[in-house]
Amino acid sequence: MEVNAQFYFKTNLNYKMKKNIYYFFFLILWIFTIKILPQENYNPQETFDPNFNNQPGTFYRNGDGEPGHGYWQNRADYNIEASLNEVNNSIDGKVEIIYTNNSPDNLNYVWLQLDQNQLSDSSRGELTSPPNLSGKNFNGGYKIKSVKIELNGKKLDADYIISDTRMQIRLPQFLKAKGGLLKINIEYSFDIPPQGLGRCGYMQTKNGIIYDIAQWYPRMEVYDDIKGWNSLPFLGSGEFFLDYGNYDYKINVPWNMIVVGSGELVNPYEVLTKEEISRIKQAQQSDKTVFIRMANEITESSSRPVHKGRLTWHFKMNNSRDVSFAASAAFIWDAAKINLPSGKKSLAMSVYPIESAGDSAWGRSTEYLKRSVEIFSKHWFEYPYPNAVNVGGPVGGMEYPGIVFCSWRAKRKNMWMVTNHEIGHNWFPMIVGSNERENAWMDEGFNTFIDIYSYKDFNNGEYYPKRDGEYAPKGGNPAREIVDVILNPKSLPIMTYADNIPGQLVHPLEYFKTAFGLVMLRENVLGHQRFDYAFRTYINRWAYKHPSPTNFFRTMNDASGEDLNWFWKEWFVKNWKLDQAVKNVKYVNGDPSKGSLITIENKNKMVMPVIVEVKEKNGKVGRVNLPVEIWQRSGEWTFEYNSTSLLDSVIIDPDQTLPDIDLSNNTWTSSSINSK
């Protein structure tokens with residue numbers, strides 16, 4: 001392009017043609033600039049919108065964000081018996097569901113989740129997955145043998161239809177409101193997917209197969225006051241939404257296998273040796289990791305109470321939204337005591353193959369697990385379960401109540417990172433039961449947020465700060481890294497259905513941007529005391545309940561005493577951009593000793609409070625903190641700074657903690673042409 005320009009300028013072009021060339025080059029430069037730094041006119045009425053998040057509360061959910069006087073949620077209790085077939089890698093099961101309709105509505109049908117059906121080669125999840133994420137010739141899914149119901153004292157075969165990952169049971173009579181009971185009995189089986197597929201799977205190790213088993217029984221969909229039945233299909237990315245209840249489940253496995261699961265093992269004397277029971281009791285009193293089953297005992301028959309046939313492991317877990325388990329003959333098993341703020345105790349346990357052993361890898365798993373639970377319990381909400389289990393196996397990172405699956409390959413900082421993150425999900429969404437299928441950011445993002453601060457608390461900051469590469473490809477300032485996410489032309493608002501977010505944007509939006517937004521609220525807007533109180537209020541209000549995004553926004557507003565609707569709109573609902581700038585500097589009556597008049601601008605749609613650092617020629621340095629309300633009437637603000645000498649520089653956001661898309665206009669210096 002430069003060659004053509006030189007050619008034209010060397011010829012006897014008339015003035016009009018030369019002017020057109022200048023306009024052409026200006027247009028190219030302007031288009032390029034717009035592409036790099038998108039400009040959107042700031043409109044205070046759009047940002048500080050009085051109609052946003054301003055609908056009145058309801059009988060079920062108050063205007064301040066807490067559950068209303070009429071709040072209700074349905075309940076699902078489960079009795080499950082399952083048998084693991086190690087020859088063909090399958091599960092055979094029976095589940096009895098006792099479903100309680102606490103809603104004010106009579107129900108003519110109920111919906112269940114059949115998540116294993118996502119691994120069928122004809123499922124919506126399979127057909128909408130890119131080739132590199134497809135089922136790799138594995139055709140899974142539930143085989144339903146029978147479905148029976150008991151309603152109003154009558155037992156009969158169910159009238160049901162299966163649609164992809166959902167089952168609808170059509171009732172012969174309605175399930176009565178406000179306490180009606182329905183019993184559902186289902187016999188089923190499914191093939192366990194191999195390593196690398198789904199959120200459960202199996203893998204071969206030196207001493208046997210490891211099975212990570214999840215989504216292993218038909219589960220009730222949620223019926224609520226917001227949408228009625230939440231029956232979105234399971235496509236793979238959007239996770240789960242479940243009611244709470246009590247679980248009683250039994251797992252039948254070959255005699256040589258160890259089983260760990262959500263909740264409490266209630267028949268230890270039937271499935272463990274006396275030595276193993278003694279070691280567990282020792283671990284329950286120990287802050288140091290105690291081996292329950294050592295590496296050299298894996299192949300010794302003496303580490304099992306029987307030496308043939310099969311054993312049934314019996315677990316119970318109360319007030320939970322799900323349960324999962326893992327089984328293997330290859331497990332090393334260790335444990336340590338968890339100290340909770342109330343004085344109660346829980347037990348951290350890890351199981352993993354000999355290939356994962358060692359102090360640089362899974363040998364520290366229980367230490368990481370124990371401290372993560374203690375840190376989260378201290379800061380946010382006390383861990384409610386009797387055990388916390390970490391499983392080293394085929395699933396690289398997945399969470400369930402009281403148990404998490406992490407990669408057997410994890411080592412060093414990655415071992416801490418995955419353990420800390422996955423067990424953190426016991427707060428979001430296991431305790432605070434948000435809808436992951438729709439609002440993945442309310443579990444992934446909130447959990448990533450609490451991870452950030454736990455890094456500093458663990459072992460005097462051994463792995464601090466949280467720089468895991470996945471959210472920080474440049475390894476620098478996260479405020480600068482999030483700008484790349486915001487400017488990505490394919491980027492979407494955080495509040496997008498989980499399955500609608502392209503794979504390359506899942507972590508940047510659901511995890512990183514959500515967490516960074518909460519960090520900004522804590523560090524730049526509310527401060528630690530007000531933010532922490534409001535966030536704890538949200539957790540306490542919605543523990544074991546089903547909050548919506550509005551419930552979160554309003555609780556944070558109410559408990560912090562701030563109308564943060566401008567922030568919820570710009571950061572979560574929209575993908576707006578921030579561009580704060582120093583426009584000019586003048587002196588009062590032209591005399592710097594009488595003070596300086598500093599004008600700043602908000603050049604794009606997003607707003608934030610402002611920190612301005614002022615340096616004078618005499619060496620004095622001061623900072624001015626301006627509230628977000630300066631932008632309520634206009635995108636320009638002038639304030640007086642009590643200077644005593646000429647100014648050397650004025651810098652907006654001097655610590656670069658905000659996601660400003662253009663740093664070139666953040667600094668004014670005494671050599672600037674607009675100095676007067």
# chains A, B, ... in the order shown; residues from 1 in each chain; ligands from 1
call {"tool": "select_by_dssp", "arguments": {"residues": "range 293-498 of chain A", "states": "alpha helix (DSSP H)", "output": "ChimeraX atom specification"}}
result
/A:365-379,412-424,441-457,478-487
call {"tool": "residues_around", "arguments": {"residues": "Ser278 in chain A", "least_positions_apart": "4", "cutoff": "12 Å", "atoms": "only C-alpha atoms", "output": "PyMOL selection string"}}
result
chain A and resi 268-269+272-274+282-285+290-293
call {"tool": "atom_distance", "arguments": {"atom1": "CA of Phe376 in chain A", "atom2": "CA of Asn426 in chain A"}}
result
9.7 Å
call {"tool": "residues_around", "arguments": {"residues": "range 442-456 of chain A", "least_positions_apart": "3", "cutoff": "10 Å", "atoms": "only C-alpha atoms", "output": "number ranges by chain"}}
result
A: 239, 371-376, 379-380, 416-417, 420-430, 432-436, 438-439, 459-467, 494-495, 506-519, 547-549, 552
call {"tool": "atom_distance", "arguments": {"atom1": "CA of Asn108 in chain A", "atom2": "CA of Asn319 in chain A"}}
result
26.4 Å
call {"tool": "select_by_dssp", "arguments": {"residues": "range 326-369 of chain A", "states": "strand (DSSP E)", "output": "JSON, numbers by chain"}}
result
{"A": [326, 327, 328, 332, 333, 334, 335, 336, 337, 338, 339, 345, 346, 347, 348, 349, 350, 351, 352]}
call {"tool": "residues_around", "arguments": {"residues": "Gly263 in chain A", "least_positions_apart": "5", "cutoff": "7 Å", "atoms": "only C-alpha atoms", "output": "PyMOL selection string"}}
result
chain A and resi 315-317+385-387+402
call {"tool": "closest_residue", "arguments": {"among": "A:Ile431, A:Leu151, A:Ile354, A:Ile486", "to": "Ile661 in chain A", "atoms": "only C-alpha atoms"}}
result
A:Ile486
call {"tool": "closest_residue", "arguments": {"among": "A:Val351, A:Leu646, A:Val395, A:Ala326", "to": "Ser365 in chain A", "atoms": "only C-alpha atoms"}}
result
A:Val351
call {"tool": "residues_around", "arguments": {"residues": "range 83-85 of chain A", "least_positions_apart": "3", "cutoff": "12 Å", "atoms": "only C-alpha atoms", "output": "PyMOL selection string"}}
result
chain A and resi 80+88-95+187-192+202+209-213+216-217+249-255+257+259+310-314+325-328
call {"tool": "write_last_selection", "arguments": {"atoms": "C-alpha atoms", "output": "PDB file, in the first residue's frame"}}
result
ATOM      1  CA  ILE A  80     -29.983 -47.136  45.751  1.00  0.00           C
ATOM      2  CA  ASN A  88     -17.815 -55.880  31.123  1.00  0.00           C
ATOM      3  CA  ASN A  89     -17.315 -52.550  32.969  1.00  0.00           C
ATOM      4  CA  SER A  90     -20.956 -51.868  33.695  1.00  0.00           C
ATOM      5  CA  ILE A  91     -23.340 -50.906  36.481  1.00  0.00           C
ATOM      6  CA  ASP A  92     -26.595 -52.684  37.330  1.00  0.00           C
ATOM      7  CA  GLY A  93     -28.809 -50.766  39.691  1.00  0.00           C
ATOM      8  CA  LYS A  94     -32.111 -50.320  41.451  1.00  0.00           C
ATOM      9  CA  VAL A  95     -33.232 -46.944  42.763  1.00  0.00           C
ATOM     10  CA  GLU A 187     -34.264 -50.940  37.505  1.00  0.00           C
ATOM     11  CA  TYR A 188     -31.514 -49.988  35.106  1.00  0.00           C
ATOM     12  CA  SER A 189     -28.017 -50.644  33.825  1.00  0.00           C
ATOM     13  CA  PHE A 190     -25.379 -48.830  31.790  1.00  0.00           C
ATOM     14  CA  ASP A 191     -21.898 -49.332  30.404  1.00  0.00           C
ATOM     15  CA  ILE A 192     -19.246 -47.239  32.119  1.00  0.00           C
ATOM     16  CA  TYR A 202     -12.438 -46.171  34.230  1.00  0.00           C
ATOM     17  CA  ILE A 209      -8.843 -50.812  37.212  1.00  0.00           C
ATOM     18  CA  ILE A 210      -9.928 -47.548  38.857  1.00  0.00           C
ATOM     19  CA  TYR A 211     -13.615 -46.661  38.469  1.00  0.00           C
ATOM     20  CA  ASP A 212     -14.878 -43.088  38.959  1.00  0.00           C
ATOM     21  CA  ILE A 213     -18.669 -43.435  39.013  1.00  0.00           C
ATOM     22  CA  TRP A 216     -25.016 -43.327  37.940  1.00  0.00           C
ATOM     23  CA  TYR A 217     -28.723 -43.397  38.805  1.00  0.00           C
ATOM     24  CA  TYR A 249     -26.893 -46.409  48.931  1.00  0.00           C
ATOM     25  CA  LYS A 250     -25.126 -49.758  48.653  1.00  0.00           C
ATOM     26  CA  ILE A 251     -22.342 -50.643  46.230  1.00  0.00           C
ATOM     27  CA  ASN A 252     -21.570 -54.309  45.515  1.00  0.00           C
ATOM     28  CA  VAL A 253     -18.038 -54.955  44.206  1.00  0.00           C
ATOM     29  CA  PRO A 254     -15.456 -57.774  44.037  1.00  0.00           C
ATOM     30  CA  TRP A 255     -13.885 -58.607  47.411  1.00  0.00           C
ATOM     31  CA  MET A 257     -11.804 -53.551  45.861  1.00  0.00           C
ATOM     32  CA  VAL A 259     -14.820 -48.214  47.728  1.00  0.00           C
ATOM     33  CA  ARG A 310     -18.056 -59.902  46.648  1.00  0.00           C
ATOM     34  CA  LEU A 311     -18.653 -57.273  49.319  1.00  0.00           C
ATOM     35  CA  THR A 312     -21.376 -54.652  49.680  1.00  0.00           C
ATOM     36  CA  TRP A 313     -20.311 -51.210  50.874  1.00  0.00           C
ATOM     37  CA  HIS A 314     -23.114 -49.249  52.546  1.00  0.00           C
ATOM     38  CA  PHE A 325     -18.299 -43.141  44.469  1.00  0.00           C
ATOM     39  CA  ALA A 326     -15.026 -44.660  43.275  1.00  0.00           C
ATOM     40  CA  ALA A 327     -13.833 -48.268  43.452  1.00  0.00           C
ATOM     41  CA  SER A 328     -10.552 -50.076  42.793  1.00  0.00           C
TER      42      SER A 328
END
call {"tool": "residues_around", "arguments": {"residues": "Gly57 in chain A", "least_positions_apart": "3", "cutoff": "10 Å", "atoms": "only C-alpha atoms", "output": "list in words"}}
result
Asn54, Tyr60, Arg61, Asn62, Gly63, Asp64, Gly65, Glu66, Pro67, Gly68 and Asn551 of chain A
call {"tool": "closest_residue", "arguments": {"among": "A:Ala76, A:Leu235, A:Ile332, A:Leu564", "to": "Phe52 in chain A", "atoms": "only C-alpha atoms"}}
result
A:Leu564
call {"tool": "closest_residue", "arguments": {"among": "A:Glu399, A:Asp660, A:Glu86, A:Asp591", "to": "Met608 in chain A", "atoms": "only C-alpha atoms"}}
result
A:Asp660
call {"tool": "closest_residue", "arguments": {"among": "A:Asp655, A:Asp648, A:Glu382, A:Asp115", "to": "Lys344 in chain A", "atoms": "only C-alpha atoms"}}
result
A:Glu382
call {"tool": "atom_distance", "arguments": {"atom1": "CA of Ser286 in chain A", "atom2": "CA of Phe331 in chain A"}}
result
21.0 Å
call {"tool": "closest_residue", "arguments": {"among": "A:Asn117, A:Gln656, A:Ser645, A:Ser491", "to": "Gly590 in chain A", "atoms": "only C-alpha atoms"}}
result
A:Ser645
call {"tool": "decode", "arguments": {"residues": "range 272-323 of chain A", "atoms": "C-alpha atoms", "output": "PDB file, in the first residue's frame"}}
result
ATOM      1  CA  LEU A 272     -12.604 -53.283  56.306  1.00  0.00           C
ATOM      2  CA  THR A 273      -9.992 -55.093  58.356  1.00  0.00           C
ATOM      3  CA  LYS A 274      -9.543 -54.374  62.053  1.00  0.00           C
ATOM      4  CA  GLU A 275      -6.219 -52.719  61.244  1.00  0.00           C
ATOM      5  CA  GLU A 276      -7.814 -50.401  58.696  1.00  0.00           C
ATOM      6  CA  ILE A 277     -10.541 -49.407  61.154  1.00  0.00           C
ATOM      7  CA  SER A 278      -7.882 -48.724  63.791  1.00  0.00           C
ATOM      8  CA  ARG A 279      -5.935 -46.544  61.363  1.00  0.00           C
ATOM      9  CA  ILE A 280      -9.063 -44.582  60.454  1.00  0.00           C
ATOM     10  CA  LYS A 281      -9.637 -43.863  64.136  1.00  0.00           C
ATOM     11  CA  GLN A 282      -6.031 -42.710  64.393  1.00  0.00           C
ATOM     12  CA  ALA A 283      -6.468 -40.428  61.372  1.00  0.00           C
ATOM     13  CA  GLN A 284      -9.594 -38.906  62.926  1.00  0.00           C
ATOM     14  CA  GLN A 285      -7.339 -37.577  65.703  1.00  0.00           C
ATOM     15  CA  SER A 286      -4.343 -36.615  63.567  1.00  0.00           C
ATOM     16  CA  ASP A 287      -3.454 -33.395  61.760  1.00  0.00           C
ATOM     17  CA  LYS A 288      -0.778 -35.366  59.916  1.00  0.00           C
ATOM     18  CA  THR A 289      -1.632 -37.774  57.120  1.00  0.00           C
ATOM     19  CA  VAL A 290      -2.090 -41.381  58.276  1.00  0.00           C
ATOM     20  CA  PHE A 291      -2.026 -44.332  55.870  1.00  0.00           C
ATOM     21  CA  ILE A 292      -5.121 -46.524  55.978  1.00  0.00           C
ATOM     22  CA  ARG A 293      -3.785 -48.807  53.255  1.00  0.00           C
ATOM     23  CA  MET A 294      -0.139 -48.524  52.292  1.00  0.00           C
ATOM     24  CA  ALA A 295       1.463 -49.108  48.904  1.00  0.00           C
ATOM     25  CA  ASN A 296       3.029 -52.397  49.969  1.00  0.00           C
ATOM     26  CA  GLU A 297      -0.378 -53.677  51.112  1.00  0.00           C
ATOM     27  CA  ILE A 298      -2.183 -53.247  47.801  1.00  0.00           C
ATOM     28  CA  THR A 299      -1.453 -56.765  46.583  1.00  0.00           C
ATOM     29  CA  GLU A 300      -1.651 -58.388  50.024  1.00  0.00           C
ATOM     30  CA  SER A 301      -4.871 -60.280  50.674  1.00  0.00           C
ATOM     31  CA  SER A 302      -4.497 -59.385  54.358  1.00  0.00           C
ATOM     32  CA  SER A 303      -5.624 -55.842  53.497  1.00  0.00           C
ATOM     33  CA  ARG A 304      -9.113 -57.205  52.819  1.00  0.00           C
ATOM     34  CA  PRO A 305     -11.463 -58.852  55.327  1.00  0.00           C
ATOM     35  CA  VAL A 306     -12.399 -61.668  52.913  1.00  0.00           C
ATOM     36  CA  HIS A 307     -10.494 -63.260  50.058  1.00  0.00           C
ATOM     37  CA  LYS A 308     -13.181 -64.303  47.610  1.00  0.00           C
ATOM     38  CA  GLY A 309     -16.624 -63.396  46.351  1.00  0.00           C
ATOM     39  CA  ARG A 310     -18.056 -59.902  46.648  1.00  0.00           C
ATOM     40  CA  LEU A 311     -18.653 -57.273  49.319  1.00  0.00           C
ATOM     41  CA  THR A 312     -21.376 -54.652  49.680  1.00  0.00           C
ATOM     42  CA  TRP A 313     -20.311 -51.210  50.874  1.00  0.00           C
ATOM     43  CA  HIS A 314     -23.114 -49.249  52.546  1.00  0.00           C
ATOM     44  CA  PHE A 315     -23.089 -45.423  52.671  1.00  0.00           C
ATOM     45  CA  LYS A 316     -25.471 -42.766  53.924  1.00  0.00           C
ATOM     46  CA  MET A 317     -25.526 -39.027  53.297  1.00  0.00           C
ATOM     47  CA  ASN A 318     -28.106 -36.561  54.541  1.00  0.00           C
ATOM     48  CA  ASN A 319     -29.257 -33.245  53.102  1.00  0.00           C
ATOM     49  CA  SER A 320     -27.336 -33.658  49.879  1.00  0.00           C
ATOM     50  CA  ARG A 321     -28.135 -33.039  46.232  1.00  0.00           C
ATOM     51  CA  ASP A 322     -26.187 -36.004  44.875  1.00  0.00           C
ATOM     52  CA  VAL A 323     -23.767 -38.848  45.709  1.00  0.00           C
TER      53      VAL A 323
END
